[in-house]
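Notes to accompany the following structure.
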Amino acid sequence: MTSLAYLDQAADAYDCLAPYYDEFTHGYAHEEWIAAIEHRAIELGLVGQRALDIACGTGKSTAPLLTRGYSVVACDISSGMIREARRKFPARPDAFVVADMRDLPPLGEFDLVLCVDDALNYLLSEDELRDTFAGVAEAMSPAGVFVFDLNSLATYRSAFSEVMVREGEGLLFAWRGEGTALLAPGENAEATLEVFAERDDGLWERRTSRHVQRHHPPELVREALLEAGLECRAVAGQLPGAQLEDDADENRHIKLVYFAQHAA
Ligand SMILES: C[S@@+](CC[C@H](N)C(=O)[O-])C[C@H]1O[C@@H](n2cnc3c(N)ncnc32)[C@H](O)[C@@H]1O
């Protein structure tokens, strides 16, 4: 299926948010998070230093890979996010490309494929998940490890059904979760993020970024992986602050972090 067949609601949401994304996610512990992920991937047999960072955004998940010595290709559906990433990593403009993970172009062969921080939750059907996994399987080396996270039910029942306001320097973020504390497995959740940014002339500009995500139940994720020839080797539960635990729990952890490899 070509990406033209899909709605690009995520691209719209992140093109709008791109200049303010790093400020909005200020305080996220990506260094510690990627270190914990890499540690578990090595335990599962990760060898080699070729990494693909799918849905890289402004490069917050890419940076720890670069500092750890990986040779990285990174892609995202949002040209605005890729523009920010290229601005932040001027020595590596070619490393960042605009691409839809549901229809990945040939980008090379990789030992570690990463797709982190909610990205797969923007896929609103199992078909989209399957198409993405099929593309990832093609990009993985024979012993490659694919690591991705998905938001838990607990996250949709809390952050996606709450209101949050945060202030920064010349910035104000207003997050309005439109979900419910009773969200059922496999349902969609929506939220609106209003960004108010002070301009040079002292007036304030307002941008509205709409986020539609889907909760993907673990059993369906495992099935979709298998259909792509991939097998789930482990699922860790993530607590705030990048801490990973062995017993992934939809009702206690904020994210479930999956580790997959080619099926035997
Ligand atoms: C919350 S951001 C995470 C960015 C980065 N991985 C990080 O850890 O900061 C989610 C990203 O997923 C990207 N995304 C959503 N759907 C996508 C798709 N179909 N293909 C590629 N990227 C996608 C968005 O554009 C956005 O940059």
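Chain lettering (A, B, ...) mirrors the order of the structure tokens, residue numbering begins at 1 for each chain separately, and ligand numbering begins at 1 in order of display.
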task: Please identify every polymer residue within 7 Å of ligand 1, using only C-alpha atoms and all ligand atoms, and present the set as number ranges by chain.
output: A: 10-11, 14, 54-61, 75-78, 81, 99-102, 115-120, 122-123
message: If you run DSSP on the backbone here, which positions in region 63-138 of chain A get helix (DSSP H, G or I)? Please write them as number ranges by chain.
response: A: 63-67, 79-88, 93-95, 101-103, 119-122, 126-138
Could I get the residues of region 210-239 of chain A with an atom no further than 7 Å from an atom of region 247-250 of chain A, each paired with its nearest atom pair and that distance in Å to one decimal, using only C-alpha atoms, sorted by chain and residue number, as JSON lines?
{"residue": "A:Val235", "atom": "CA", "partner": "A:Ala248", "partner_atom": "CA", "distance": 6.2}
{"residue": "A:Ala236", "atom": "CA", "partner": "A:Ala248", "partner_atom": "CA", "distance": 5.0}
{"residue": "A:Gly237", "atom": "CA", "partner": "A:Ala248", "partner_atom": "CA", "distance": 3.9}
Near-Arg86 (chain A) list (9 Å; only C-alpha atoms; drop same-chain fewer than 4 positions) as a ChimeraX atom specification: /A:58-59,81-82,90-96
- request: Point out the residue among A:Ile254, A:Gly135, A:Gly202, A:Thr67 with the least atom-to-atom distance to Arg157 (chain A), counting only C-alpha atoms.
  value: A:Ile254
task: Do a neighbour search on region 220-229 of chain A at 12 Å with only C-alpha atoms, toss out local chain neighbours closer than 5 positions, and write the hits as an MDAnalysis selection string.
output: chainID A and resid 120:121 123 125:140 142 146:150 185:186 215 234:235 256:264
field: Minimum-distance residue to Leu244 (chain A), chosen among A:Leu112, A:Ile34, A:Ala184, A:Ala13 (using only C-alpha atoms)
entry: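 Closest to Leu244 (chain A) of all the choices is A:Ile34.
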Distance in Å - CA of Arg210 (chain A) versus CA of Phe160 (chain A):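 Spanning CA of Arg210 (chain A) to CA of Phe160 (chain A) is a straight-line distance of 12.1 Å.
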query: Where does DSSP see strand (DSSP E or B) in region 52-210 of chain A, if you list the residues as a PyMOL selection string?
result: chain A and resi 52-54+71-76+96-98+110-115+140-151+163-168+171-177+188-198+204-210
query: With distances taken over only C-alpha atoms, which of A:Pro105, A:Gly177, A:Gly69, A:Gly45 is nearest to Glu162 (chain A)?
result: A:Gly177
field: Two-atom distance - CA of Ala174 (chain A), CA of Leu193 (chain A) (Å)
entry: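 Pair CA of Ala174 (chain A) / CA of Leu193 (chain A) returns 5.7 Å.
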- request: Find the residue from A:Lys88, A:Arg206, A:Arg199, A:Arg214 that sits nearest to Asp22 (chain A); use only C-alpha atoms when measuring.
  value: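 Between A:Lys88, A:Arg206, A:Arg199, A:Arg214, the residue approaching Asp22 (chain A) most closely is A:Lys88.
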query: In Å to one decimal, how far is CA of Thr25 (chain A) from CA of Glu190 (chain A)?
result: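 Between CA of Glu190 (chain A) and CA of Thr25 (chain A) the gap is 18.4 Å.
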- prompt: Thr62 (chain A): which residues within 8 Å, counting only C-alpha atoms, same-chain residues fewer than 3 positions away excluded, as a list in words?
  reply: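 The filter keeps Asp53, Cys56, Gly59, Leu65, Leu66, Val72 and Ala74 of chain A.
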message: Could you check the closest approach to Gly241 (chain A) for each of A:His253, A:Ala143, A:Ala41, A:Thr208 and tell me which residue wins, using only C-alpha atoms?
response: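 Comparing A:His253, A:Ala143, A:Ala41, A:Thr208 against Gly241 (chain A), the winner is A:His253.
When only C-alpha atoms are used to compute distances to Ile42 (chain A), the closest of the residues A:Val145, A:Met164, A:Leu104, A:Phe110 turns out to be A:Val145.
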